[in-house]
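Chemist: I have a structure here, written as structure tokens, and I will follow up with some questions on it.
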Amino acid sequence: MSFVDIAHLTKRFGDHTAVGNVSFQVPQGSTLALLGPSGCGKTTILRCLAGLETPDGGIIEIGGNRVFDKVRGVDLMPEKRELGIVFQSYAVWPHMTVAENVAFPLKVRGVGAAERLAKASKMLETVGLKGFESRSATLVSGGQQQRIALARALVHEPRLVLFDEALSNLDAQLREQMRLELRLLQERLGFTAIYVTHDQAEAFGLADTVVLMNQGRIETAGPAREVFARPSSAFAARFFGMNVLEGRSAGAVEGTDRVVVTLGGRFGIEGVAGQGLDPTAGTPVLACIRKESVRVSRDAEKGSVPGTIAAMSFLGVAEEYIVDIDGVSLRAMQPAAGFRRGDAVHVAMAAADWIVLP
Amino acid sequence: METSQKGRWLQVGLPAAGVTAGVLLIAGPFVATVVRSILVDGGVSAGNFIGLVTDPRFAAAAVNTLIAGYCTTVLAMALGFTLAWLVARTDMPGRSWFETGNLVPFFLSPYVGAISWIYLLAPHGGLLPWAARTWFGYSMDWLNIYSIPGVIWVLTLFYTPYVYLFVIGPLRQMDAAFEDAARVHGASFWYTLRHITVPLVLPALLSAALIVFVTSAGLFDVPLALGSPRGIKFMPTEIFSLVQYPSDFGRASAFGVLVLTVTILLTLIQRQFIANRRFDTVTGKGYRPRTIHLRTGTRIAALTLETVYIGGAVVLPTMVLMMVAFSKLWLGHFMWRTATFDNFVYVLTKYDLTRSAILNSLFLALTGATLAVALSVLQSYYLTRGNPRRRALVDALLSLPLGIPGIILGLGFLILAIRTPLYSTLSIILIAYIARFFPFATRTVTAMFLAINPELEQSARSSGASWFQTMRLIVLPLLRPALVAAWLMLFVIFIRELGATMLLYAQGTETISVAMVILSERSSGYVAALAMIQLLLLLSAFAIFRLTRTSISQS
């Protein structure tokens with residue numbers, strides 16, 4: 001049963017279509033991530049959901065309650081939508097104490113002062129800020145402000161909580177920690193969550209379902225693992241940091257879902273045919289492979305091809321290489337092996353890791 | 001659904017109402033003046049304009065006003081820039097004191113300043129000529145305060161803080177690397193100042209120059225005190241006398257329309273000019289510019305300049321006002337044996353005119369400042385949170401009155417109100433005050449609004465607060481420093497306002513400034529006592545302003 005139902009949502013800013021005819025559902029208690037580069041319309045969808053932006057068309061339902069319907073002229077004010085939101089800027093009010101910030105949703109709902117404070121304290125404890133009640137909200141660190149914003153978004157027990165790039169301003173370590181804590185919190189409190197993020201690690205780490213957006217449209221959507229493992233378009237493949245190489249089909253392999261692709265010179269590969277691929281020999285196609293699936297070694301092995309290291313960069317744990325194979329540049333990432341520019345190497349790739357897209 | 005639609009109406013309607021009120025307040029007198037200027041005996045004609053420009057008095061008034069405005073602008077720019085530079089960039093002793101001291105004249109009344117300088121420098125019976133004659137045997141008779149240079153002198157004292165305020169921020173925030181680079185590459189100190197420092201603050205300097213020119217040329221107070229007694233004509237006093245019996249509203253309006261045209265043209269040129277020049281002098285690195293060490297000679301010169309300025313604008317006027325206010329009869333110098341409190345007792349308790357004038361001024365300032373600030377909040381909301389496509393136009397419209405002389409706005413409201421029950425009430429004065437000065441509040445509040453992240457309001461809405469609750473619990477508390485500053489600024493302006501009030505007051509609705517003008521021909525003691533009372537009101541507003549400013553910057 002879906003808790004959030006968005007149908008044919010459209011939002012224009014002047015001539016620019018920020019969101020074009022977008023539909024998706026979020027099941028109750030589950031987590032969805034809206035992922036995409038900046039300007040793809042993901043934040044606009046979130047703001048339309050919260051009632052902070054008025055869509056130009058479509059229907060939005062939250063918990064079976066129609067909060068927006070262009071045709072019927074329904075448009076609930078933000079405060080009537082009963083949700084919680086955490087902004088990238090945290091939006092912690094600087095003129096209030098930590099407890100006043102967290103208790104605010106209860107205050108505007110007419111909850112008495114004593115109950116308000118008790119609930120706020122309990123929520124602060126939940127997010128790990130016990131004893132911070134009377135501190136000035138501006139005198140705490142960024143990570144703590146993030147927790148205040150989270151406590152404030154949860155204190156009135158909304159059934160839907162929206163996160164707008166909520167973890168982006170934290171440093172990497174803190175972000176990791178918050179991500180795990182958020183998952184635990186969500187399991188405990190059982191709210192439905194929608195995250196907007198440009199960071200794929202955040203999206204896959206938090207969400208059951210990932211919706212990848214591109215230029216106001218849904219590029220691909222589905223269970224997180226599936227979206228990640230089987231990108232359905234070149235945009236998705238590039239967004240997830242894969243190698244995307246132009247080539248020509250040399251025909252399907254009889255009796256399998258595989259295709260042979262010529263990439264340039266004598267370099268060719270065999271890969272899994274993606275959705276909607278025309279395997280007729282001679283058709284231009286795109287061959288995609290994850291950097292981590294390209295293995296570079298000094299010695300030849302079965303099925304490997306010879307190449308030359310064109311560039312390398314040391315990343316600490318790993319090293320990234322650009323390998324030249326017969327005029328085709330391929331990026332590879334693997335534990336540090338100490339290759340230098342100009343080294344002759346052998347590159348091995350499994351056919352199962354190649355995805356061939358139209 | 002019902003309540004939700006009502007809430008939406010409030011959210012959209014209230015700010016729009018604030019903007020509409022602002023536009024009407026400006027358009028009303030504006031249209032009235034234009035229409036009245038082309039009406040002659042019930043028909044439409046250019047007669048008023050032709051009559052006006054062929055009148056030799058017009059030529060004299062226009063030339064004198066332009067000369068006074070131009071000279072004041074040049075002198076105030078030189079003085080304001082120098083003082084700001086000394087405070088912001090050098091190690092002049094007592095900088096923190098002068099930083100505040102240089103601003104005090106901004107809060108004082110130019111009319112009181114002008115009459116103080118009459119007491120100081122009147123050809124017969126001035127304090128300074130008396131002191132020079134008695135103590136040094138020197139005759140200062142060649143100095144005459146009732147003259148165009150006299151007007152320029154007093155105007156410069158009062159308009160220098162405008163330039164000072166405009167340039168001190170950029171001077172302070174300017175990245176010293178710009179200047180250091182010039183010095184390292186071989187430029188002398190003066191060359192750097194002229195070719196690097198001044199050009200970098202030029203946008204601020206030019207904004208200040210325009211404001212000083214249009215407001216000083218349009219100021220009624222100083223020409224009234226220093227020009228009219230000797231028949232020297234200026235634009236504002238000429239418009240005033242055209243409205244006095246036997247009045248010629250048509251010609252006054254024609255004069256007003258000409259001034260409005262020039263003012264608006266200058267504003268447009270300045271906007272264009274500023275728009276084409278955007279310098280990033282602020283690097284945002286929180287870099288503290290190197291202070292420049294003054295050598296003994298320059299240090300003495302700097303301190304002398306500060307002494308002359310603060311002495312001339314604040315200390316000497318206040319001193320002479322006290323002397324006159326506490327004298328039974330002012331004969332050009334203070335005598336202990338004639339010292340008395342009688343003037344204060346009389347204006348505060350015995351004289352109906354002054355008593356009601358003080359109450360009227362307080363009522364106008366308290367109510368006017370409150371209403372104008374309320375209006376400015378709604379307008380700022382519209383300008384920062386409203387429809388982005390209409391903002392620029394609304395912003396330009398709402399800032400029009402910034403340069404319109406008070407006397408001309410007063411004329412517009414006089415034409416509008418003259419045959420209505422509003423005429424000769426305090427309400428019409430109140431409306432004119434708000435119309436003329438609300439843009440100051442809107443500017444201040446808008447600047448603060450821009451610094452507030454909209455997500456602070458949006459998260460309140462998503463937390464369940466209505467628009468009204470969000471305004472009350474989030475926006476207004478966050479805006480408080482700007483609201484306090486704007487309120488105090490308007491309080492000060494309204495307590496001392498003269499130009500618009502002179503045209504709109506009637507018996508019973510006189511203000512402190514008007515009462516001083518009325519009494520100026522009867523008793524200098526009463527005038528000085530009233531001026532002291534006004535001065536106390538202004539200085540207490542200034543004190544609160546400084547105190548709240550420090551508490552804000554500390555927190």
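Ligands are numbered from 1 in the order shown, chains are lettered A, B, ... in the order of the structure tokens, and residues start at 1 in each chain.
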Report as a Markdown table: every residue of chain A with an atom at most 8 Å from chain B, its closest pair of atoms, and their distance in Å to one decimal, counting only C-alpha atoms, with rows sorted by chain and ascending residue number.
Modeler:
```
| residue | atom | partner | partner_atom | distance |
| --- | --- | --- | --- | --- |
| A:Ala50 | CA | B:Ser462 | CA | 6.8 |
| A:Leu52 | CA | B:Gln458 | CA | 7.0 |
| A:Leu76 | CA | B:Ser4 | CA | 6.4 |
| A:Met77 | CA | B:Ser4 | CA | 5.9 |
| A:Pro78 | CA | B:Ser462 | CA | 5.3 |
| A:Glu79 | CA | B:Gly464 | CA | 3.9 |
| A:Lys80 | CA | B:Gly464 | CA | 6.5 |
| A:Arg81 | CA | B:Ser462 | CA | 7.5 |
| A:Glu82 | CA | B:Gly464 | CA | 6.8 |
| A:Leu83 | CA | B:Ser462 | CA | 6.3 |
| A:Gly84 | CA | B:Ser462 | CA | 6.1 |
| A:Ile85 | CA | B:Ser459 | CA | 6.4 |
| A:Val86 | CA | B:Ser459 | CA | 7.6 |
| A:Phe87 | CA | B:Glu455 | CA | 7.0 |
| A:Ser89 | CA | B:Glu455 | CA | 7.5 |
| A:Ala91 | CA | B:Leu456 | CA | 4.6 |
| A:Val92 | CA | B:Leu456 | CA | 6.8 |
| A:Trp93 | CA | B:Leu456 | CA | 6.4 |
| A:Pro94 | CA | B:Leu478 | CA | 7.9 |
| A:His95 | CA | B:Leu478 | CA | 6.7 |
| A:Phe104 | CA | B:Ser463 | CA | 7.3 |
| A:Pro105 | CA | B:Ser463 | CA | 4.7 |
| A:Val108 | CA | B:Ala465 | CA | 5.5 |
| A:Arg109 | CA | B:Gly464 | CA | 7.1 |
| A:Arg152 | CA | B:Ser463 | CA | 7.8 |
| A:Ala153 | CA | B:Ser463 | CA | 7.0 |
```
Chemist: Quick one: everything within 8 Å of B:Ala486, counting only C-alpha atoms, minus sequence neighbours fewer than 5 positions away in the same chain. Send it as a PyMOL selection string.
Modeler: chain B and resi 373+440-441+444-445
Chemist: Show which residues sit within 12 Å of A:Val317, as a ChimeraX atom specification. Count only C-alpha atoms, and ignore same-chain residues fewer than 5 positions away.
Modeler: /A:333-338
Chemist: Just want the 10 Å neighbourhood of stretch 340-342 of chain A, counted on only C-alpha atoms, with same-chain residues fewer than 5 positions away dropped. Output as a list in words.
Modeler: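 Using only C-alpha atoms, the neighbours found are Gly307, Thr308, Ile309, Ala310, Ala311, Met312, Ser313, Tyr321, Ile322, Val323 and Asp324 of chain A.
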Chemist: What does the file look like for those residues with N, CA and C atoms, as a JSON list (two decimals), in the first residue's frame?
Modeler:
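The resulting file, part_19.json, is reproduced below:
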```
[["chain", "number", "residue", "atom", "x", "y", "z"],
["A", 307, "GLY", "N", 47.50, -3.49, -22.63],
["A", 307, "GLY", "CA", 47.27, -2.04, -22.68],
["A", 307, "GLY", "C", 48.44, -1.30, -22.06],
["A", 308, "THR", "N", 48.34, 0.04, -22.03],
["A", 308, "THR", "CA", 49.40, 0.87, -21.47],
["A", 308, "THR", "C", 48.77, 1.83, -20.44],
["A", 309, "ILE", "N", 49.46, 2.03, -19.31],
["A", 309, "ILE", "CA", 48.96, 3.00, -18.32],
["A", 309, "ILE", "C", 49.17, 4.41, -18.90],
["A", 310, "ALA", "N", 48.09, 5.15, -19.09],
["A", 310, "ALA", "CA", 48.19, 6.51, -19.66],
["A", 310, "ALA", "C", 48.27, 7.54, -18.55],
["A", 311, "ALA", "N", 47.68, 7.25, -17.40],
["A", 311, "ALA", "CA", 47.72, 8.18, -16.26],
["A", 311, "ALA", "C", 47.36, 7.40, -15.01],
["A", 312, "MET", "N", 47.86, 7.88, -13.87],
["A", 312, "MET", "CA", 47.47, 7.23, -12.62],
["A", 312, "MET", "C", 47.30, 8.29, -11.55],
["A", 313, "SER", "N", 46.41, 8.04, -10.60],
["A", 313, "SER", "CA", 46.38, 8.92, -9.43],
["A", 313, "SER", "C", 46.21, 8.07, -8.19],
["A", 321, "TYR", "N", 43.52, 4.31, -12.48],
["A", 321, "TYR", "CA", 44.35, 4.36, -13.69],
["A", 321, "TYR", "C", 43.49, 4.71, -14.88],
["A", 322, "ILE", "N", 44.13, 5.34, -15.86],
["A", 322, "ILE", "CA", 43.52, 5.39, -17.18],
["A", 322, "ILE", "C", 44.39, 4.51, -18.07],
["A", 323, "VAL", "N", 43.78, 3.46, -18.58],
["A", 323, "VAL", "CA", 44.54, 2.49, -19.39],
["A", 323, "VAL", "C", 44.19, 2.70, -20.86],
["A", 324, "ASP", "N", 45.22, 2.73, -21.68],
["A", 324, "ASP", "CA", 44.98, 2.87, -23.11],
["A", 324, "ASP", "C", 45.03, 1.48, -23.75]]
```
Chemist: What's around stretch 334-339 of chain B at 12 Å? Count only C-alpha atoms, leave out sequence neighbours fewer than 2 positions away in its own chain, and write the answer as a list of chain:residue names.
Modeler: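 Surrounding residues, per the criterion: B:Tyr119, B:Leu120, B:Gly125, B:Gly126, B:Leu127, B:Leu128, B:Trp130, B:Ala131, B:Met319, B:Val320, B:Leu321, B:Met322, B:Met323, B:Val324, B:Ala325, B:Phe326, B:Ser327, B:Lys328, B:Leu329, B:Trp330, B:Leu331, B:Gly332, B:Phe341, B:Asp342, B:Asn343, B:Phe344, B:Gly525.
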Chemist: Please list as JSON, numbers by chain every residue within 10 Å of A:Gly39, counting only C-alpha atoms and excluding residues in the same chain fewer than 3 positions away.
Modeler: {"A": [18, 19, 36, 42, 43, 44, 213, 214, 215, 216]}
Chemist: Keeping only C-alpha atoms, take the residues you just selected and write them out as a CSV table (one decimal), in the first residue's frame.
Modeler:
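What ended up in again.csv:
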```csv
chain,number,residue,atom,x,y,z
A,18,ALA,CA,11.8,21.9,-13.6
A,19,VAL,CA,9.6,18.8,-13.1
A,36,GLY,CA,20.4,13.2,-9.4
A,42,LYS,CA,14.6,16.5,-7.2
A,43,THR,CA,14.4,19.4,-4.7
A,44,THR,CA,11.4,20.9,-6.6
A,213,MET,CA,16.2,12.1,-12.0
A,214,ASN,CA,17.6,13.9,-15.0
A,215,GLN,CA,16.4,17.2,-16.4
A,216,GLY,CA,13.0,17.1,-14.6
```
Chemist: Tell me which of B:Leu538, B:Met502, B:Leu375, B:Met235 sits closest to B:Thr20, counting only C-alpha atoms.
Modeler: B:Leu375
Chemist: Using only C-alpha atoms, which of B:Leu537, B:Ile518, B:Leu268, B:Leu258 sits nearest B:Arg496?
Modeler: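 Closest to B:Arg496, using only C-alpha atoms: B:Leu537.
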Chemist: For each of A:Val253, A:Val244, A:Ile355, A:Val328, take the minimum atom-to-atom distance to A:Arg266, counting only C-alpha atoms, then give the residue where this is smallest.
Modeler: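 Smallest distance to A:Arg266 is found for A:Val328.
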Chemist: Identify, with DSSP run on backbone atoms, the residues in stretch 180-282 of chain A assigned to helix (DSSP H, G or I), and express the list as a PyMOL selection string.
Modeler: chain A and resi 180-189+200-206+224-229+234-239
Chemist: At a cut-off of 7 Å, using only C-alpha atoms, what residues contact A:Pro306? Leave out same-chain residues fewer than 3 positions from it and give the result as a list in words.
Modeler: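 My list of contacting residues is Ile325, Val345, His346 and Val347 of chain A.
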